[in-house]
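Q: My structure is in run.txt, and what it holds is compact mmCIF, C-alpha atoms:
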```txt
# COMPACT_ATOMS: atom_id res chain seq x y z
CA MET N 1 90.05 101.00 107.54
CA ALA N 2 92.72 98.74 108.80
CA GLU N 3 92.95 98.14 112.48
CA LYS N 4 95.89 99.55 114.34
CA ASP N 5 98.55 97.13 115.39
CA GLU N 6 99.16 97.97 119.05
CA SER N 7 102.86 97.19 118.79
CA SER N 8 103.39 99.28 115.65
CA LEU N 9 105.53 102.39 115.76
CA ILE N 10 103.21 104.04 113.25
CA GLY N 11 100.75 106.15 115.23
CA TYR N 12 98.68 108.42 113.03
CA ASP N 13 98.48 106.76 109.63
CA PRO N 14 98.78 109.48 106.95
CA LEU N 15 97.88 107.05 104.17
CA ALA N 16 94.53 106.04 105.62
CA TRP N 17 92.67 108.24 103.13
CA LEU N 18 93.91 106.01 100.31
CA GLN N 19 91.96 103.13 101.77
CA GLN N 20 88.88 105.31 102.08
CA GLU N 21 89.20 106.44 98.51
CA ALA N 22 89.58 102.89 97.33
CA ASP N 23 86.37 102.04 99.13
CA GLU N 24 84.50 104.83 97.39
CA ILE N 25 84.15 105.82 93.78
CA GLN N 26 87.06 108.11 93.13
CA PRO N 27 85.63 111.59 93.53
CA GLY N 28 88.50 113.30 91.71
CA LEU N 29 87.52 111.71 88.41
CA GLU N 30 84.13 113.34 88.59
CA ASN N 31 85.57 116.83 88.53
CA ASN N 32 87.87 116.80 85.57
CA GLU N 33 86.89 120.15 84.18
CA THR N 34 87.52 122.10 87.34
CA ALA N 35 90.56 120.03 88.22
CA VAL N 36 92.36 121.30 85.14
CA GLU N 37 92.01 124.84 86.39
CA ILE N 38 93.06 123.92 89.88
CA GLN N 39 96.13 122.08 88.71
CA PHE N 40 98.22 125.13 88.10
CA SER N 41 96.43 127.74 90.08
CA GLY N 42 98.65 127.53 93.12
CA SER N 43 96.20 125.84 95.44
CA GLN N 44 97.25 122.26 95.16
CA GLN N 45 96.16 119.94 97.89
CA PRO N 46 94.68 116.53 97.39
CA ASP N 47 90.97 116.21 97.88
CA LEU N 48 90.97 114.62 101.25
CA PRO N 49 88.22 112.34 102.35
CA GLU N 50 86.79 112.47 105.79
CA THR N 51 88.90 109.58 106.96
CA LEU N 52 91.57 112.01 107.90
CA ILE N 53 89.50 112.42 110.99
CA PRO N 54 91.68 110.32 113.19
CA GLU N 55 90.45 106.98 114.28
CA LYS N 56 91.77 104.46 116.75
CA SER N 57 95.31 104.76 115.58
CA ASP N 58 95.59 108.43 116.33
CA PRO N 59 97.62 109.94 119.11
CA VAL N 60 94.65 111.37 120.99
CA ASP N 61 92.06 109.07 122.40
CA ALA N 62 88.72 110.22 121.07
CA ASP N 63 87.12 109.24 124.37
CA GLU N 64 89.11 111.92 126.10
CA LEU N 65 87.57 114.59 123.92
CA PRO N 66 83.85 115.00 124.32
CA GLU N 67 81.96 115.58 121.12
CA LEU N 68 81.83 119.07 119.74
CA THR N 69 78.10 119.49 119.81
CA ALA N 70 76.37 122.77 119.28
CA ALA N 71 73.44 123.76 121.45
CA ASN N 72 70.07 124.41 119.92
CA GLU N 73 69.86 128.02 120.93
CA ILE N 74 72.58 130.15 119.50
CA SER N 75 73.17 133.75 118.74
CA ASP N 76 74.48 135.26 115.53
CA THR N 77 77.56 136.55 117.29
CA VAL N 78 81.07 135.92 116.17
CA GLU N 79 83.57 134.53 118.65
CA THR N 80 87.25 135.15 118.10
CA ILE N 81 89.74 132.74 119.58
CA VAL N 82 93.44 133.49 119.53
CA LEU N 83 95.51 130.35 119.49
CA ASP N 84 98.49 130.05 121.80
CA ALA N 85 101.97 129.84 120.38
CA VAL N 86 102.36 126.23 121.48
CA LEU N 87 99.51 123.84 120.88
CA ASN N 88 100.06 120.25 121.79
CA ILE N 89 98.55 117.30 123.55
CA GLN N 90 99.30 118.89 126.91
CA ASN N 91 96.97 121.82 126.36
CA VAL N 92 94.58 120.46 123.76
CA ALA N 93 91.89 119.73 126.37
CA LYS N 94 91.83 123.40 127.36
CA LEU N 95 91.49 124.45 123.75
CA HIS N 96 88.77 121.86 123.26
CA GLN N 97 86.78 123.38 126.10
CA ARG N 98 87.08 126.88 124.63
CA LEU N 99 85.99 125.66 121.23
CA VAL N 100 82.99 123.78 122.63
CA GLU N 101 81.86 126.91 124.41
CA ALA N 102 82.29 129.01 121.31
CA LEU N 103 80.53 126.53 119.11
CA THR N 104 77.67 126.34 121.55
CA CYS N 105 76.93 130.04 121.64
CA CYS N 106 78.03 131.41 118.30
CA GLN N 107 77.25 131.07 114.65
CA LYS N 108 80.77 131.81 113.57
CA ILE N 109 84.17 131.22 115.13
CA GLU N 110 87.19 133.12 113.94
CA ILE N 111 90.45 131.49 114.94
CA ASP N 112 93.54 133.66 114.91
CA ALA N 113 96.43 131.27 114.20
CA SER N 114 99.06 133.90 113.63
CA ALA N 115 101.00 133.19 116.82
CA VAL N 116 101.33 129.44 116.40
CA THR N 117 104.92 128.29 116.43
CA VAL N 118 104.46 124.69 117.53
CA ILE N 119 101.44 122.51 116.84
CA ASP N 120 101.07 118.77 117.05
CA THR N 121 98.66 116.28 115.53
CA ALA N 122 96.37 116.32 118.56
CA ALA N 123 95.68 120.03 118.15
CA MET N 124 95.31 119.69 114.39
CA GLN N 125 92.90 116.83 114.95
CA LEU N 126 90.81 119.01 117.22
CA LEU N 127 90.65 121.84 114.68
CA LEU N 128 89.68 119.39 111.98
CA ILE N 129 86.87 117.98 114.10
CA LEU N 130 85.74 121.52 114.87
CA LYS N 131 85.62 122.32 111.18
CA ARG N 132 83.61 119.21 110.39
CA THR N 133 81.22 119.75 113.26
CA ALA N 134 80.66 123.34 112.22
CA ILE N 135 79.90 122.31 108.66
CA LYS N 136 77.49 119.68 109.89
CA ASP N 137 75.73 122.23 112.12
CA ASP N 138 75.65 124.85 109.40
CA LYS N 139 78.05 127.10 111.22
CA GLU N 140 81.26 128.71 110.12
CA VAL N 141 84.81 128.31 111.33
CA GLN N 142 87.44 130.52 109.82
CA ILE N 143 91.14 130.28 110.47
CA ASP N 144 92.68 133.69 110.11
CA PHE N 145 96.29 134.66 109.55
CA PRO N 146 97.75 131.16 109.87
CA SER N 147 101.43 131.30 110.69
CA ASP N 148 103.96 129.58 108.47
CA LYS N 149 104.31 126.82 111.05
CA PHE N 150 100.57 126.29 111.12
CA ILE N 151 100.39 126.07 107.33
CA GLU N 152 103.40 123.78 107.26
CA ALA N 153 101.82 121.43 109.77
CA ALA N 154 98.49 121.45 107.96
CA GLN N 155 100.19 120.68 104.68
CA LEU N 156 102.31 117.96 106.23
CA LEU N 157 99.19 116.28 107.51
CA GLY N 158 97.40 116.86 104.23
CA ILE N 159 94.58 118.87 105.77
CA ALA N 160 95.46 122.37 104.57
CA GLU N 161 92.63 122.38 102.09
CA MET N 162 90.12 121.14 104.58
CA LEU N 163 91.14 123.78 107.07
CA GLU N 164 91.14 126.29 104.22
CA VAL N 165 94.62 127.52 104.92
CA ASP N 166 96.03 126.24 101.64
CA GLN N 167 95.36 129.55 99.90
CA ALA N 168 97.87 131.18 102.15
CA ALA N 169 100.62 128.87 101.03
CA ALA N 170 102.72 129.47 97.99
CA GLY N 171 103.62 126.78 95.48
CA PHE N 172 101.88 124.77 92.90
CA PHE N 173 100.55 121.92 94.92
CA MET X 174 109.27 101.07 69.74
CA THR X 175 108.00 103.11 72.68
CA ALA X 176 110.30 103.70 75.60
CA ARG X 177 109.16 103.31 79.16
CA ILE X 178 109.25 106.86 80.50
CA VAL X 179 109.74 106.71 84.23
CA ALA X 180 109.61 109.66 86.60
CA VAL X 181 111.66 108.93 89.70
CA LEU X 182 109.69 111.08 92.03
CA ASN X 183 109.30 111.98 95.65
CA GLN X 184 108.66 115.50 96.82
CA LYS X 185 110.54 114.71 100.02
CA GLY X 186 114.29 115.22 99.87
CA GLY X 187 116.91 112.70 100.84
CA VAL X 188 114.95 109.59 99.98
CA GLY X 189 117.39 108.38 97.35
CA LYS X 190 115.89 109.63 94.10
CA THR X 191 119.19 110.40 92.44
CA THR X 192 120.94 107.32 93.82
CA THR X 193 118.09 105.21 92.50
CA SER X 194 118.04 106.97 89.13
CA VAL X 195 121.78 106.66 88.55
CA ASN X 196 122.28 103.12 89.68
CA LEU X 197 119.06 101.69 88.32
CA ALA X 198 119.76 103.32 84.96
CA HIS X 199 123.30 101.94 84.89
CA ALA X 200 122.12 98.51 85.98
CA LEU X 201 119.61 98.48 83.12
CA ALA X 202 122.26 99.68 80.68
CA ARG X 203 124.60 96.91 81.82
CA MET X 204 121.83 94.45 81.04
CA GLY X 205 121.84 95.69 77.46
CA LYS X 206 118.89 98.02 77.68
CA ARG X 207 119.21 101.37 75.97
CA VAL X 208 118.66 103.97 78.65
CA THR X 209 118.53 107.76 78.77
CA VAL X 210 118.54 109.60 82.07
CA ILE X 211 117.28 113.16 82.29
CA ASP X 212 118.43 115.30 85.19
CA LEU X 213 115.38 117.41 85.99
CA ASP X 214 116.79 118.62 89.28
CA PRO X 215 118.43 122.06 89.07
CA GLN X 216 120.93 120.86 91.68
CA SER X 217 122.44 118.67 88.91
CA HIS X 218 123.27 115.87 91.31
CA LEU X 219 122.51 113.15 88.81
CA ALA X 220 125.02 114.50 86.31
CA VAL X 221 127.62 114.88 89.06
CA SER X 222 127.00 111.30 90.14
CA LEU X 223 127.85 110.20 86.61
CA GLY X 224 131.00 112.33 86.52
CA PHE X 225 129.67 115.34 84.61
CA VAL X 226 130.62 118.20 86.85
CA SER X 227 130.65 121.27 84.61
CA PRO X 228 127.87 123.55 85.85
CA ALA X 229 127.96 125.56 82.62
CA THR X 230 126.95 122.69 80.35
CA SER X 231 123.46 123.26 79.11
CA GLY X 232 121.02 120.41 78.85
CA ILE X 233 117.33 119.92 79.45
CA ASP X 234 117.08 123.61 80.40
CA ASP X 235 117.77 124.65 76.82
CA VAL X 236 115.40 122.01 75.53
CA LEU X 237 112.53 123.16 77.72
CA LEU X 238 113.22 126.80 76.97
CA GLY X 239 113.02 126.06 73.27
CA VAL X 240 116.64 126.82 72.47
CA CYS X 241 117.34 123.42 70.93
CA SER X 242 115.90 119.98 70.40
CA LEU X 243 116.38 117.12 72.82
CA PRO X 244 118.81 115.02 70.72
CA GLU X 245 121.16 117.99 70.55
CA ARG X 246 121.73 117.76 74.30
CA LEU X 247 122.25 114.01 74.57
CA LEU X 248 125.56 113.02 76.12
CA SER X 249 126.96 109.53 76.09
CA ALA X 250 127.56 108.73 79.76
CA ARG X 251 128.26 105.01 79.64
CA LYS X 252 127.73 102.15 77.22
CA ASN X 253 123.99 102.08 76.45
CA LEU X 254 123.47 104.99 78.82
CA ASN X 255 122.79 108.53 77.63
CA LEU X 256 122.51 111.56 79.85
CA ILE X 257 120.81 114.91 79.51
CA VAL X 258 122.14 117.21 82.19
CA ALA X 259 120.04 119.78 84.02
CA GLY X 260 121.80 122.90 82.81
CA PRO X 261 122.25 126.24 84.53
CA ARG X 262 118.91 127.69 83.46
CA LEU X 263 116.68 124.86 84.65
CA GLN X 264 115.64 126.80 87.71
CA GLU X 265 114.08 129.35 85.37
CA ILE X 266 111.52 126.77 84.29
CA GLU X 267 110.33 126.49 87.87
CA GLN X 268 109.50 130.18 87.80
CA LEU X 269 107.63 130.02 84.49
CA VAL X 270 104.06 130.89 85.22
CA GLU X 271 102.96 132.37 81.95
CA GLY X 272 101.03 129.81 80.01
CA GLY X 273 99.89 127.85 83.08
CA ALA X 274 99.16 124.29 82.08
CA ARG X 275 100.94 124.73 78.80
CA SER X 276 104.22 125.22 80.64
CA ALA X 277 103.77 121.79 82.17
CA ASP X 278 103.88 119.91 78.89
CA LEU X 279 107.23 121.24 77.68
CA LEU X 280 109.06 118.00 78.43
CA LYS X 281 106.33 115.85 76.97
CA LYS X 282 106.51 117.83 73.74
CA ALA X 283 110.30 117.71 73.75
CA LEU X 284 110.24 113.93 74.03
CA GLN X 285 107.76 113.49 71.20
CA HIS X 286 109.34 111.86 68.17
CA HIS X 287 112.66 111.51 69.98
CA LEU X 288 114.42 108.73 71.88
CA LEU X 289 112.36 106.22 69.95
CA ASP X 290 115.27 103.80 69.96
CA GLN X 291 115.49 103.81 73.75
CA ASP X 292 114.10 101.13 76.05
CA VAL X 293 113.86 103.26 79.17
CA VAL X 294 113.91 106.99 79.84
CA VAL X 295 114.51 107.83 83.49
CA ILE X 296 113.58 111.31 84.72
CA ASP X 297 115.25 112.24 87.99
CA CYS X 298 112.86 114.74 89.56
CA PRO X 299 113.68 117.52 92.02
CA PRO X 300 112.50 117.29 95.61
CA SER X 301 109.78 119.85 95.07
CA SER X 302 106.32 120.06 93.66
CA GLY X 303 106.52 122.83 91.12
CA LEU X 304 106.49 123.08 87.38
CA LEU X 305 109.45 120.76 86.82
CA VAL X 306 107.66 117.92 88.58
CA ALA X 307 104.52 118.78 86.63
CA ASN X 308 106.56 118.44 83.44
CA ALA X 309 107.84 115.06 84.54
CA LEU X 310 104.34 113.85 85.33
CA PHE X 311 103.00 115.06 82.01
CA ALA X 312 105.77 113.26 80.15
CA ALA X 313 105.97 110.03 82.13
CA ASN X 314 103.85 106.95 81.85
CA GLU X 315 105.36 105.35 84.93
CA ILE X 316 106.24 106.62 88.38
CA LEU X 317 108.90 105.13 90.59
CA VAL X 318 108.88 106.45 94.14
CA PRO X 319 111.93 105.82 96.30
CA MET X 320 110.79 105.58 99.91
CA THR X 321 112.84 105.69 103.06
CA SER X 322 111.56 103.71 105.98
CA ASP X 323 110.82 106.56 108.36
CA TYR X 324 107.57 108.07 109.50
CA LEU X 325 107.87 111.44 107.76
CA ALA X 326 108.36 109.66 104.46
CA LEU X 327 104.87 108.24 104.92
CA GLN X 328 103.55 111.75 105.42
CA GLY X 329 105.32 112.88 102.27
CA LEU X 330 103.95 109.94 100.34
CA SER X 331 100.42 110.87 101.38
CA HIS X 332 100.91 114.30 99.85
CA LEU X 333 102.54 112.84 96.77
CA MET X 334 99.66 110.44 96.20
CA GLY X 335 97.29 113.38 96.28
CA THR X 336 99.34 115.05 93.56
CA VAL X 337 99.53 111.88 91.48
CA LYS X 338 95.80 111.30 91.71
CA LYS X 339 95.12 114.86 90.59
CA PHE X 340 97.33 114.36 87.58
CA GLU X 341 95.63 111.08 86.79
CA SER X 342 92.33 112.87 86.97
CA VAL X 343 93.42 115.75 84.76
CA LEU X 344 95.31 113.68 82.22
CA LYS X 345 92.76 110.88 82.30
CA LYS X 346 95.39 108.21 82.57
CA ARG X 347 96.62 105.73 85.13
CA TYR X 348 100.30 105.66 85.85
CA LYS X 349 102.11 102.41 86.27
CA PHE X 350 103.19 103.03 89.83
CA PHE X 351 105.98 101.43 91.83
CA LEU X 352 107.61 102.08 95.16
CA VAL X 353 111.17 101.11 95.92
CA MET X 354 112.35 100.84 99.49
CA SER X 355 115.48 102.95 99.57
CA ARG X 356 118.08 103.59 102.25
CA PHE X 357 116.54 100.71 104.17
CA VAL X 358 117.93 100.12 107.65
CA VAL X 359 117.13 96.55 108.54
CA THR X 360 117.98 96.88 112.19
CA ARG X 361 115.41 99.59 112.91
CA ARG X 362 112.02 98.45 114.06
CA ILE X 363 110.30 101.38 112.40
CA SER X 364 111.67 100.26 109.04
CA LYS X 365 109.60 97.11 109.26
CA ASP X 366 106.54 99.01 110.48
CA VAL X 367 106.77 101.54 107.65
CA LEU X 368 107.14 98.73 105.12
CA LYS X 369 104.19 96.93 106.66
CA THR X 370 102.09 100.09 106.37
CA LEU X 371 103.10 100.55 102.75
CA GLN X 372 102.26 96.94 101.93
CA LYS X 373 98.78 97.58 103.27
CA TYR X 374 98.11 100.35 100.74
CA PHE X 375 100.39 99.44 97.85
CA THR X 376 99.87 95.76 97.39
CA GLY X 377 101.69 94.58 94.30
CA GLN X 378 103.34 97.95 93.79
CA ILE X 379 106.50 97.68 95.90
CA LEU X 380 109.46 96.35 93.95
CA ALA X 381 110.74 93.15 95.49
CA THR X 382 114.27 94.27 96.22
CA THR X 383 114.95 96.71 99.04
CA ILE X 384 117.99 98.93 98.70
CA THR X 385 119.86 98.75 101.96
CA GLU X 386 121.53 101.89 103.30
CA THR X 387 125.28 101.56 102.89
CA ALA X 388 128.26 103.85 103.16
CA LEU X 389 129.38 102.91 99.66
CA LEU X 390 126.25 104.33 98.07
CA ALA X 391 126.94 107.62 99.83
CA GLU X 392 130.56 107.63 98.71
CA CYS X 393 130.41 106.86 95.01
CA PRO X 394 128.89 110.16 93.75
CA SER X 395 131.93 112.08 94.91
CA PHE X 396 134.01 110.08 92.44
CA GLY X 397 131.49 110.43 89.62
CA LYS X 398 131.00 106.69 89.61
CA THR X 399 128.01 104.44 89.87
CA ILE X 400 128.07 101.67 92.43
CA PHE X 401 129.00 99.21 89.67
CA GLU X 402 132.16 101.18 88.97
CA TYR X 403 132.99 102.23 92.51
CA ARG X 404 132.70 98.83 94.15
CA PRO X 405 131.56 96.18 91.69
CA GLY X 406 130.13 93.09 93.29
CA CYS X 407 129.34 94.75 96.61
CA ARG X 408 126.02 94.33 98.37
CA SER X 409 124.63 97.59 96.95
CA ALA X 410 125.64 96.69 93.40
CA ARG X 411 123.87 93.38 93.80
CA ASP X 412 120.83 95.19 95.21
CA PHE X 413 120.59 97.45 92.16
CA THR X 414 121.09 94.59 89.73
CA ALA X 415 118.24 92.77 91.44
CA LEU X 416 116.16 95.93 91.43
CA ALA X 417 116.71 96.38 87.70
CA LYS X 418 115.47 92.83 87.14
CA ASP X 419 112.43 93.57 89.31
CA PHE X 420 111.80 96.70 87.28
CA LEU X 421 111.96 94.84 83.98
CA GLU X 422 109.97 91.84 85.11
CA GLY X 423 107.51 93.69 87.35
CA LYS X 424 108.58 91.60 90.32
CA VAL X 425 107.02 92.96 93.49
CA MET X 426 106.81 92.09 97.18
```
Kindly transcribe the structure held in the file into structure tokens.
A:
Amino acid sequence: MAEKDESSLIGYDPLAWLQQEADEIQPGLENNETAVEIQFSGSQQPDLPETLIPEKSDPVDADELPELTAANEISDTVETIVLDAVLNIQNVAKLHQRLVEALTCCQKIEIDASAVTVIDTAAMQLLLILKRTAIKDDKEVQIDFPSDKFIEAAQLLGIAEMLEVDQAAAGFF
Amino acid sequence: MTARIVAVLNQKGGVGKTTTSVNLAHALARMGKRVTVIDLDPQSHLAVSLGFVSPATSGIDDVLLGVCSLPERLLSARKNLNLIVAGPRLQEIEQLVEGGARSADLLKKALQHHLLDQDVVVIDCPPSSGLLVANALFAANEILVPMTSDYLALQGLSHLMGTVKKFESVLKKRYKFFLVMSRFVVTRRISKDVLKTLQKYFTGQILATTITETALLAECPSFGKTIFEYRPGCRSARDFTALAKDFLEGKVM
């Protein structure tokens, strides 16, 4: 991954995944048979490598967000979190705290994203980290009823598939 | 002889796809290359830019819908430059879902055994990512992506690259891939930063000439003229002549 130039006007680098893919064996070529079916099924999003997890060049300093770590003792309960209409860097810390608590005590988190009208990259970054952490800890995070704005933002950042909201979007890709 | 089939593609709107298609095609034609441009955008802006303004004229729509063969819809637009207009029914193709993948190879099939005498076939794609773009990607062996030097264009390019890589995976081929810096505003700092970012990921794939944003390029479509007809010898005309040379010689930044 290239280092961020401090004076650059490019904050979050949306092309970073290309570098990651170049560093790895191209995973897409290993799945030709299924890819043909996907191609025209209406769920088109590029297979995104994990490098979309923002690094130094991203708008939110990772140091400001403590790791999303699940506790050892958890229940099988499901926690539902309703996202606010406006999610941005100003309130992302509050959301982070709620998600940490939910991830600590529950096996599954259901996130109602139906009310979201404004969401920035900091909030998207947090949800992406949550999703990854949950997968790593064998837990489940489900984003329910994503609003059009939420889907639009996820698609714009190329993380709709990873957040599993791409099925809600129409279109070929 | 096999023509270079180039999809001028970017799913983001307003990046200069049609301006690039029209003026690059005419520049190549002026250099003696035999060029055919296909207007695959239902908005028909490419045809309008070349002075073909009748919305009723059928073109690639009829070809893709199986009404006629491709040579039947060829129009002579300029010396060495043929045009196939979009046609009023092109939007219908976008809604074709029956047949799935088969609907995506309509253009490829239509081009088979035709235009063999051409040097370059330029496909001006719509700013979308539906079946028309899929047809262009099936048919093309090269992709030319006009890029503006703003941040959201980078985001769009990220999405586009995902699409391109999926097609490469499915079709088991590698496209010859070029970017062209379009509507470039030299005085903006972000222009340089966007270009620097692109150079990091697309080494050897950015055509050497940048097309500077000018008022003349915005004006000439309304007169149905290319930049070479509207203001020959101007900065933009020189840009596109240089770009055409880059395109032929593979000259990159």
Q: From the set X:Gln372, X:Gln216, X:Ser364, X:Thr191, which residue has the shortest atom-to-atom contact distance to Ser322 of chain X, counting only C-alpha atoms?
A: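 For Ser322 of chain X, the nearest of the candidates is X:Ser364.
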Q: Report as a PDB file with C-alpha atoms, in the frame of the given file all protein, DNA and RNA residues lying within 10 Å of Pro299 of chain X, evaluated on all atoms listed in the file, omitting residues in the same chain fewer than 6 positions from it.
A:
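Ended up saving to out.pdb:
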```
ATOM      1  CA  VAL X 181     111.660 108.930  89.700  1.00  0.00           C
ATOM      2  CA  LEU X 182     109.690 111.080  92.030  1.00  0.00           C
ATOM      3  CA  ASN X 183     109.300 111.980  95.650  1.00  0.00           C
ATOM      4  CA  GLN X 184     108.660 115.500  96.820  1.00  0.00           C
ATOM      5  CA  LYS X 185     110.540 114.710 100.020  1.00  0.00           C
ATOM      6  CA  GLY X 186     114.290 115.220  99.870  1.00  0.00           C
ATOM      7  CA  LYS X 190     115.890 109.630  94.100  1.00  0.00           C
ATOM      8  CA  THR X 191     119.190 110.400  92.440  1.00  0.00           C
ATOM      9  CA  ASP X 212     118.430 115.300  85.190  1.00  0.00           C
ATOM     10  CA  LEU X 213     115.380 117.410  85.990  1.00  0.00           C
ATOM     11  CA  ASP X 214     116.790 118.620  89.280  1.00  0.00           C
ATOM     12  CA  PRO X 215     118.430 122.060  89.070  1.00  0.00           C
ATOM     13  CA  GLN X 216     120.930 120.860  91.680  1.00  0.00           C
ATOM     14  CA  SER X 217     122.440 118.670  88.910  1.00  0.00           C
ATOM     15  CA  HIS X 218     123.270 115.870  91.310  1.00  0.00           C
ATOM     16  CA  LEU X 305     109.450 120.760  86.820  1.00  0.00           C
ATOM     17  CA  VAL X 306     107.660 117.920  88.580  1.00  0.00           C
ATOM     18  CA  ALA X 309     107.840 115.060  84.540  1.00  0.00           C
TER      19      ALA X 309
END
```
Q: Would you mind telling me which residue in X:Pro261, X:Gly205, X:Pro394, X:Gly335 lies nearest to Ser302 of chain X when using all atoms listed in the file?
A: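 The answer is X:Gly335, which sits nearest to Ser302 of chain X.
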Q: Residues of chain X within 6 Å of chain N: nearest atom pair and distance (Å, one decimal) for each, counting all atoms listed in the file, sorted by chain and number, as JSON lines?
A:
```
{"residue": "X:Gly273", "atom": "CA", "partner": "N:Phe40", "partner_atom": "CA", "distance": 5.9}
{"residue": "X:Gly303", "atom": "CA", "partner": "N:Phe172", "partner_atom": "CA", "distance": 5.3}
{"residue": "X:Gln328", "atom": "CA", "partner": "N:Pro14", "partner_atom": "CA", "distance": 5.5}
{"residue": "X:Ser331", "atom": "CA", "partner": "N:Leu15", "partner_atom": "CA", "distance": 5.4}
{"residue": "X:Gly335", "atom": "CA", "partner": "N:Pro46", "partner_atom": "CA", "distance": 4.2}
{"residue": "X:Ser342", "atom": "CA", "partner": "N:Leu29", "partner_atom": "CA", "distance": 5.2}
{"residue": "X:Val343", "atom": "CA", "partner": "N:Val36", "partner_atom": "CA", "distance": 5.7}
{"residue": "X:Ile363", "atom": "CA", "partner": "N:Leu9", "partner_atom": "CA", "distance": 5.9}
```
Q: Go ahead and save the residues from that selection, with C-alpha atoms, as a PDB file, keeping the file's coordinate frame.
A:
```pdb
ATOM      1  CA  GLY X 273      99.890 127.850  83.080  1.00  0.00           C
ATOM      2  CA  GLY X 303     106.520 122.830  91.120  1.00  0.00           C
ATOM      3  CA  GLN X 328     103.550 111.750 105.420  1.00  0.00           C
ATOM      4  CA  SER X 331     100.420 110.870 101.380  1.00  0.00           C
ATOM      5  CA  GLY X 335      97.290 113.380  96.280  1.00  0.00           C
ATOM      6  CA  SER X 342      92.330 112.870  86.970  1.00  0.00           C
ATOM      7  CA  VAL X 343      93.420 115.750  84.760  1.00  0.00           C
ATOM      8  CA  ILE X 363     110.300 101.380 112.400  1.00  0.00           C
TER       9      ILE X 363
END
```
Q: May I ask which of the residues X:Ala417, X:Ala312, X:Val195, X:Leu223 is the closest one to Lys346 of chain X, counting all atoms listed in the file?
A: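 Among the listed residues, the smallest separation from Lys346 of chain X belongs to X:Ala312.
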Q: Could you please determine the separation between atom CA of Ile81 of chain N and atom CA of Pro146 of chain N in Å, to one decimal place?
A: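 Rounded to one decimal, the two atoms are 12.7 Å apart.
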Q: Which one is closest to Glu140 of chain N: N:Cys106, N:Ala113, N:Leu127, N:Leu87? Count all atoms listed in the file.
A: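 Closest to Glu140 of chain N, using all atoms listed in the file: N:Cys106.
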Q: What is the atom CA of Gly224 of chain X to atom CA of Phe401 of chain X distance in Å?
A: 13.6 Å
Q: Using all atoms listed in the file, which residue out of N:Met162, N:Ala102, N:Val82, N:Ala153 lies closest to Ser114 of chain N?
A: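 Using all atoms listed in the file, the shortest distance to Ser114 of chain N belongs to N:Val82.
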Q: Which neighbours of segment 274-288 of chain X fall inside 9 Å, counting all atoms listed in the file, when residues of the same chain fewer than 4 positions from it are skipped, and could you give them as a VMD selection string?
A: (chain N and resid 36 to 37 39 to 40) or (chain X and resid 175 to 176 209 233 236 to 239 242 to 244 266 269 to 270 292 294 304 to 313)
Q: Output requested as a CSV table (one decimal), in the frame of the given file - segment 392-403 of chain X, filled out with N, CA and C atoms.
A:
```csv
chain,number,residue,atom,x,y,z
X,392,GLU,N,129.2,107.2,99.1
X,392,GLU,CA,130.6,107.6,98.7
X,392,GLU,C,130.7,107.8,97.2
X,393,CYS,N,130.1,106.9,96.4
X,393,CYS,CA,130.4,106.9,95.0
X,393,CYS,C,130.1,108.1,94.2
X,394,PRO,N,129.1,109.0,94.6
X,394,PRO,CA,128.9,110.2,93.8
X,394,PRO,C,130.1,111.1,93.8
X,395,SER,N,130.8,111.1,94.8
X,395,SER,CA,131.9,112.1,94.9
X,395,SER,C,133.1,111.7,93.9
X,396,PHE,N,133.0,110.5,93.4
X,396,PHE,CA,134.0,110.1,92.4
X,396,PHE,C,133.4,110.0,91.0
X,397,GLY,N,132.2,110.4,90.9
X,397,GLY,CA,131.5,110.4,89.6
X,397,GLY,C,131.3,109.0,89.1
X,398,LYS,N,131.1,108.1,90.0
X,398,LYS,CA,131.0,106.7,89.6
X,398,LYS,C,129.7,106.1,90.1
X,399,THR,N,129.2,105.2,89.4
X,399,THR,CA,128.0,104.4,89.9
X,399,THR,C,128.5,103.4,90.8
X,400,ILE,N,127.6,102.7,91.5
X,400,ILE,CA,128.1,101.7,92.4
X,400,ILE,C,128.8,100.5,91.7
X,401,PHE,N,128.4,100.3,90.4
X,401,PHE,CA,129.0,99.2,89.7
X,401,PHE,C,130.4,99.5,89.3
X,402,GLU,N,130.8,100.8,89.3
X,402,GLU,CA,132.2,101.2,89.0
X,402,GLU,C,133.0,101.4,90.3
X,403,TYR,N,132.3,101.9,91.3
X,403,TYR,CA,133.0,102.2,92.5
X,403,TYR,C,133.3,101.0,93.3
```
